[in-house]
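Read through the structure below, which is laid out as structure tokens, and then see the notes.
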Amino acid sequence: MSTGFSRRRQDVIFTLPAQETAAAVTATAATPAAAPAPAAAATAAARPAEPEDLPGIAAQVASCTACGLCSGRKTTVPGEGSLRPPVFFVGEGPGEEEDRTGRPFVGAAGKYLDKWIPAIGLQRHQCFIANVVKCRPPRNREPRPEEIAACLPFLKRQIKLIQPKTICCLGRIAAQTLLETTSSLGSLRGRVHAWQGIPLIVTYHPSAVLREPSLRKPVWDDLRLLKTLLSDDPDAASEQAGK
Ligand code: URA
């Protein structure tokens, strides 16, 4: 398929006016909300923002009470990274370390993801990393459909705003959510999808690969496909996806 991307890409890190680093921005914006106000819960994620920007979205995330996950969080984890990323990685939801720090993928899975990114010729700070849900599910359980539905508008707004060159879904929840399907991860990986015109690929979640080393080979194949997509060679990408 044609990626159709030719615009000049910048490597701009998401910062607040205070010139914080991307990590600090995330943590700053993720200050715990005041006691949830159920009446205010309904539409925080969907509400049309004024001029849209990432700190604005992060601030709305930080005060969101649209689902029950808000009651267990230490901080929200809106996401962080480059404003013009070649890849927007989408995970499932924050774990313990992410909930503590307000930053995505900084625990064991994140450290493993950090090793994958150089395989596509990039560094972590050049990418954007976020999750489907921005608050930690209790004991790291999967987010429930109603929690995903409440939080998804934030992710969609982030992607639309950032317009990454590609999207890489890490694991089944991210893939099924963005692709609006119940198909298995195994059937979704290995080919190029699109989300609102942005090429999207699917691979296993780093936590799954840490648990199951036999998944390393398929992940490697997926990363090669992603790298080919980034090379702006659509023919090579389709050829590789067809293998
Ligand atoms: N797993 C995820 O899906 N996201 C994180 O941020 C951390 C672990």
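Chain labels follow the order of the structure tokens: the first chain is A, the next B, and so on; residue numbering restarts at 1 in every chain, and ligands are counted from 1 in their shown order.
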Closest atom pairs, residues of chain A within 10 Å of ligand 1, only C-alpha atoms and all ligand atoms, as JSON lines:
```
{"residue": "A:Val77", "atom": "CA", "partner": "ligand 1", "partner_atom_place_in_ligand_line": "6 (O)", "distance": 7.6}
{"residue": "A:Pro78", "atom": "CA", "partner": "ligand 1", "partner_atom_place_in_ligand_line": "6 (O)", "distance": 9.4}
{"residue": "A:Gly79", "atom": "CA", "partner": "ligand 1", "partner_atom_place_in_ligand_line": "6 (O)", "distance": 8.2}
{"residue": "A:Phe89", "atom": "CA", "partner": "ligand 1", "partner_atom_place_in_ligand_line": "4 (N)", "distance": 9.7}
{"residue": "A:Val90", "atom": "CA", "partner": "ligand 1", "partner_atom_place_in_ligand_line": "3 (O)", "distance": 7.5}
{"residue": "A:Gly91", "atom": "CA", "partner": "ligand 1", "partner_atom_place_in_ligand_line": "3 (O)", "distance": 3.8}
{"residue": "A:Glu92", "atom": "CA", "partner": "ligand 1", "partner_atom_place_in_ligand_line": "3 (O)", "distance": 3.6}
{"residue": "A:Gly93", "atom": "CA", "partner": "ligand 1", "partner_atom_place_in_ligand_line": "3 (O)", "distance": 4.4}
{"residue": "A:Pro94", "atom": "CA", "partner": "ligand 1", "partner_atom_place_in_ligand_line": "6 (O)", "distance": 4.1}
{"residue": "A:Gly95", "atom": "CA", "partner": "ligand 1", "partner_atom_place_in_ligand_line": "7 (C)", "distance": 5.0}
{"residue": "A:Glu96", "atom": "CA", "partner": "ligand 1", "partner_atom_place_in_ligand_line": "7 (C)", "distance": 8.1}
{"residue": "A:Glu97", "atom": "CA", "partner": "ligand 1", "partner_atom_place_in_ligand_line": "7 (C)", "distance": 7.8}
{"residue": "A:Glu98", "atom": "CA", "partner": "ligand 1", "partner_atom_place_in_ligand_line": "6 (O)", "distance": 5.8}
{"residue": "A:Asp99", "atom": "CA", "partner": "ligand 1", "partner_atom_place_in_ligand_line": "6 (O)", "distance": 8.5}
{"residue": "A:Gly102", "atom": "CA", "partner": "ligand 1", "partner_atom_place_in_ligand_line": "6 (O)", "distance": 9.1}
{"residue": "A:Arg103", "atom": "CA", "partner": "ligand 1", "partner_atom_place_in_ligand_line": "6 (O)", "distance": 7.0}
{"residue": "A:Pro104", "atom": "CA", "partner": "ligand 1", "partner_atom_place_in_ligand_line": "6 (O)", "distance": 3.7}
{"residue": "A:Phe105", "atom": "CA", "partner": "ligand 1", "partner_atom_place_in_ligand_line": "6 (O)", "distance": 3.7}
{"residue": "A:Val106", "atom": "CA", "partner": "ligand 1", "partner_atom_place_in_ligand_line": "7 (C)", "distance": 6.6}
{"residue": "A:Gly107", "atom": "CA", "partner": "ligand 1", "partner_atom_place_in_ligand_line": "7 (C)", "distance": 6.4}
{"residue": "A:Ala108", "atom": "CA", "partner": "ligand 1", "partner_atom_place_in_ligand_line": "8 (C)", "distance": 7.7}
{"residue": "A:Ala109", "atom": "CA", "partner": "ligand 1", "partner_atom_place_in_ligand_line": "8 (C)", "distance": 5.5}
{"residue": "A:Gly110", "atom": "CA", "partner": "ligand 1", "partner_atom_place_in_ligand_line": "7 (C)", "distance": 6.1}
{"residue": "A:Lys111", "atom": "CA", "partner": "ligand 1", "partner_atom_place_in_ligand_line": "7 (C)", "distance": 9.6}
{"residue": "A:Leu113", "atom": "CA", "partner": "ligand 1", "partner_atom_place_in_ligand_line": "8 (C)", "distance": 9.6}
{"residue": "A:Ile129", "atom": "CA", "partner": "ligand 1", "partner_atom_place_in_ligand_line": "6 (O)", "distance": 8.0}
{"residue": "A:Ala130", "atom": "CA", "partner": "ligand 1", "partner_atom_place_in_ligand_line": "6 (O)", "distance": 6.7}
{"residue": "A:Asn131", "atom": "CA", "partner": "ligand 1", "partner_atom_place_in_ligand_line": "4 (N)", "distance": 5.7}
{"residue": "A:Val132", "atom": "CA", "partner": "ligand 1", "partner_atom_place_in_ligand_line": "3 (O)", "distance": 8.0}
{"residue": "A:Val133", "atom": "CA", "partner": "ligand 1", "partner_atom_place_in_ligand_line": "4 (N)", "distance": 8.7}
{"residue": "A:Lys134", "atom": "CA", "partner": "ligand 1", "partner_atom_place_in_ligand_line": "6 (O)", "distance": 8.5}
{"residue": "A:Cys135", "atom": "CA", "partner": "ligand 1", "partner_atom_place_in_ligand_line": "6 (O)", "distance": 9.5}
{"residue": "A:Arg136", "atom": "CA", "partner": "ligand 1", "partner_atom_place_in_ligand_line": "5 (C)", "distance": 8.8}
{"residue": "A:Asn140", "atom": "CA", "partner": "ligand 1", "partner_atom_place_in_ligand_line": "1 (N)", "distance": 8.5}
{"residue": "A:Glu142", "atom": "CA", "partner": "ligand 1", "partner_atom_place_in_ligand_line": "3 (O)", "distance": 9.3}
{"residue": "A:Cys169", "atom": "CA", "partner": "ligand 1", "partner_atom_place_in_ligand_line": "3 (O)", "distance": 9.7}
{"residue": "A:Leu170", "atom": "CA", "partner": "ligand 1", "partner_atom_place_in_ligand_line": "3 (O)", "distance": 7.2}
{"residue": "A:Gly171", "atom": "CA", "partner": "ligand 1", "partner_atom_place_in_ligand_line": "3 (O)", "distance": 7.8}
{"residue": "A:Ile173", "atom": "CA", "partner": "ligand 1", "partner_atom_place_in_ligand_line": "3 (O)", "distance": 8.7}
{"residue": "A:Ala174", "atom": "CA", "partner": "ligand 1", "partner_atom_place_in_ligand_line": "3 (O)", "distance": 8.3}
{"residue": "A:His205", "atom": "CA", "partner": "ligand 1", "partner_atom_place_in_ligand_line": "3 (O)", "distance": 7.1}
{"residue": "A:Pro206", "atom": "CA", "partner": "ligand 1", "partner_atom_place_in_ligand_line": "1 (N)", "distance": 7.7}
{"residue": "A:Ser207", "atom": "CA", "partner": "ligand 1", "partner_atom_place_in_ligand_line": "1 (N)", "distance": 7.1}
{"residue": "A:Ala208", "atom": "CA", "partner": "ligand 1", "partner_atom_place_in_ligand_line": "1 (N)", "distance": 9.9}
```
Residue subset to file, keeping N, CA and C atoms, as a CSV table (one decimal), in the first residue's frame:
```csv
chain,number,residue,atom,x,y,z
A,77,VAL,N,-1.4,8.8,33.1
A,77,VAL,CA,-0.2,8.6,32.2
A,77,VAL,C,-0.7,8.9,30.8
A,78,PRO,N,-0.6,10.2,30.4
A,78,PRO,CA,-1.1,10.6,29.1
A,78,PRO,C,-0.3,10.2,27.9
A,79,GLY,N,1.0,10.0,28.1
A,79,GLY,CA,1.8,9.7,27.0
A,79,GLY,C,2.9,10.7,26.8
A,89,PHE,N,3.7,4.5,19.3
A,89,PHE,CA,3.5,3.2,19.9
A,89,PHE,C,2.2,3.3,20.8
A,90,VAL,N,1.4,2.4,20.7
A,90,VAL,CA,0.2,2.4,21.5
A,90,VAL,C,0.2,1.1,22.4
A,91,GLY,N,0.2,1.2,23.7
A,91,GLY,CA,0.1,0.1,24.6
A,91,GLY,C,-1.3,0.0,25.1
A,92,GLU,N,-1.4,-0.8,26.2
A,92,GLU,CA,-2.7,-1.1,26.8
A,92,GLU,C,-3.1,-0.1,27.8
A,93,GLY,N,-2.3,-0.1,28.9
A,93,GLY,CA,-2.6,0.8,30.0
A,93,GLY,C,-1.4,0.8,30.9
A,94,PRO,N,-1.3,1.8,31.8
A,94,PRO,CA,-0.2,1.9,32.7
A,94,PRO,C,-0.1,0.8,33.7
A,95,GLY,N,1.1,0.4,34.0
A,95,GLY,CA,1.4,-0.6,35.1
A,95,GLY,C,1.8,0.2,36.3
A,96,GLU,N,2.3,-0.6,37.3
A,96,GLU,CA,2.7,0.1,38.6
A,96,GLU,C,3.7,1.2,38.5
A,97,GLU,N,4.7,0.9,37.7
A,97,GLU,CA,5.8,2.0,37.6
A,97,GLU,C,5.3,3.2,36.9
A,98,GLU,N,4.5,2.9,35.9
A,98,GLU,CA,3.9,4.0,35.1
A,98,GLU,C,3.0,4.9,35.9
A,99,ASP,N,2.2,4.2,36.8
A,99,ASP,CA,1.2,4.9,37.7
A,99,ASP,C,2.0,5.7,38.7
A,102,GLY,N,4.0,8.6,36.2
A,102,GLY,CA,3.2,9.3,35.2
A,102,GLY,C,3.8,9.2,33.8
A,103,ARG,N,4.7,8.3,33.5
A,103,ARG,CA,5.3,8.1,32.2
A,103,ARG,C,5.0,6.7,31.7
A,104,PRO,N,4.7,6.6,30.3
A,104,PRO,CA,4.4,5.3,29.8
A,104,PRO,C,5.6,4.4,29.6
A,105,PHE,N,5.4,3.1,29.7
A,105,PHE,CA,6.4,2.1,29.4
A,105,PHE,C,7.8,2.5,30.0
A,106,VAL,N,7.8,2.6,31.3
A,106,VAL,CA,9.0,2.7,32.1
A,106,VAL,C,9.4,1.6,33.0
A,107,GLY,N,8.4,0.6,33.1
A,107,GLY,CA,8.7,-0.6,33.9
A,107,GLY,C,9.4,-1.6,33.0
A,108,ALA,N,9.3,-2.9,33.4
A,108,ALA,CA,10.0,-4.0,32.7
A,108,ALA,C,9.6,-4.0,31.2
A,109,ALA,N,8.3,-3.9,30.9
A,109,ALA,CA,7.9,-3.9,29.5
A,109,ALA,C,8.5,-2.8,28.8
A,110,GLY,N,8.6,-1.6,29.4
A,110,GLY,CA,9.1,-0.4,28.8
A,110,GLY,C,10.6,-0.6,28.5
A,111,LYS,N,11.3,-1.2,29.4
A,111,LYS,CA,12.8,-1.3,29.2
A,111,LYS,C,13.0,-2.3,28.1
A,113,LEU,N,10.8,-2.6,25.5
A,113,LEU,CA,10.5,-1.9,24.3
A,113,LEU,C,11.6,-0.9,23.9
A,129,ILE,N,4.8,7.7,22.7
A,129,ILE,CA,4.4,6.4,23.3
A,129,ILE,C,3.2,6.8,24.2
A,130,ALA,N,2.1,6.0,24.0
A,130,ALA,CA,0.9,6.3,24.9
A,130,ALA,C,0.1,5.0,25.0
A,131,ASN,N,-0.9,5.0,25.7
A,131,ASN,CA,-1.7,3.8,26.0
A,131,ASN,C,-3.2,4.1,25.6
A,132,VAL,N,-3.9,3.0,25.5
A,132,VAL,CA,-5.3,3.1,25.3
A,132,VAL,C,-6.0,3.7,26.5
A,133,VAL,N,-5.7,3.2,27.7
A,133,VAL,CA,-6.3,3.8,28.9
A,133,VAL,C,-5.1,4.5,29.6
A,134,LYS,N,-5.5,5.7,30.2
A,134,LYS,CA,-4.5,6.5,30.8
A,134,LYS,C,-4.3,6.4,32.3
A,135,CYS,N,-5.1,5.5,32.9
A,135,CYS,CA,-5.0,5.2,34.3
A,135,CYS,C,-4.8,3.7,34.5
A,136,ARG,N,-4.1,3.4,35.6
A,136,ARG,CA,-3.7,2.0,35.8
A,136,ARG,C,-5.0,1.1,36.2
A,140,ASN,N,-3.1,-4.6,37.3
A,140,ASN,CA,-2.7,-4.7,35.9
A,140,ASN,C,-3.7,-5.6,35.1
A,142,GLU,N,-6.7,-6.4,32.4
A,142,GLU,CA,-7.0,-5.7,31.2
A,142,GLU,C,-8.1,-4.6,31.4
A,169,CYS,N,0.8,-0.8,17.1
A,169,CYS,CA,0.0,-1.3,18.3
A,169,CYS,C,0.7,-2.4,19.0
A,170,LEU,N,0.9,-2.2,20.3
A,170,LEU,CA,1.6,-3.2,21.1
A,170,LEU,C,0.5,-4.1,21.8
A,171,GLY,N,0.2,-5.2,21.3
A,171,GLY,CA,-0.7,-6.2,21.9
A,171,GLY,C,-2.1,-6.1,21.4
A,173,ILE,N,-5.1,-5.6,22.9
A,173,ILE,CA,-6.0,-4.5,23.3
A,173,ILE,C,-5.9,-3.3,22.4
A,174,ALA,N,-4.6,-2.9,22.2
A,174,ALA,CA,-4.4,-1.7,21.4
A,174,ALA,C,-4.8,-2.0,20.0
A,205,HIS,N,2.7,-7.5,22.6
A,205,HIS,CA,3.0,-6.6,23.7
A,205,HIS,C,4.4,-7.1,24.3
A,206,PRO,N,5.2,-6.1,24.6
A,206,PRO,CA,6.5,-6.5,25.2
A,206,PRO,C,6.4,-7.4,26.4
A,207,SER,N,5.4,-7.2,27.3
A,207,SER,CA,5.2,-8.1,28.4
A,207,SER,C,4.9,-9.5,28.0
A,208,ALA,N,4.2,-9.7,26.9
A,208,ALA,CA,3.9,-11.1,26.4
A,208,ALA,C,5.1,-11.7,25.9
```
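Minimum distance to Thr101 of chain A across A:Cys151, A:Arg139, A:Gly81, A:Lys74 (counting only C-alpha atoms) occurs at A:Lys74.
Closest approach to Ala119 of chain A from the set A:Ser82, A:Asp233, A:Lys227, A:Thr75 is made by A:Lys227, with distances taken over only C-alpha atoms.
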Backbone DSSP call of strand (DSSP E or B) for segment 56-154 of chain A, listed as a ChimeraX atom specification: /A:80-82,87-91,128-131
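For the residues A:Cys67, A:Ile117, A:Leu152, A:Ala62, ranking by smallest atom-to-atom distance to Trp220 of chain A using only C-alpha atoms places A:Ile117 first.
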So that I can see what lies close to Ser183 of chain A, please list as a list of chain:residue names the residues with an atom at most 12 Å from it, counting only C-alpha atoms and leaving out residues fewer than 6 positions away in the same chain. A:Arg172, A:Ile173, A:Ala175, A:Gln176, A:Thr177, A:Arg189, A:Val202
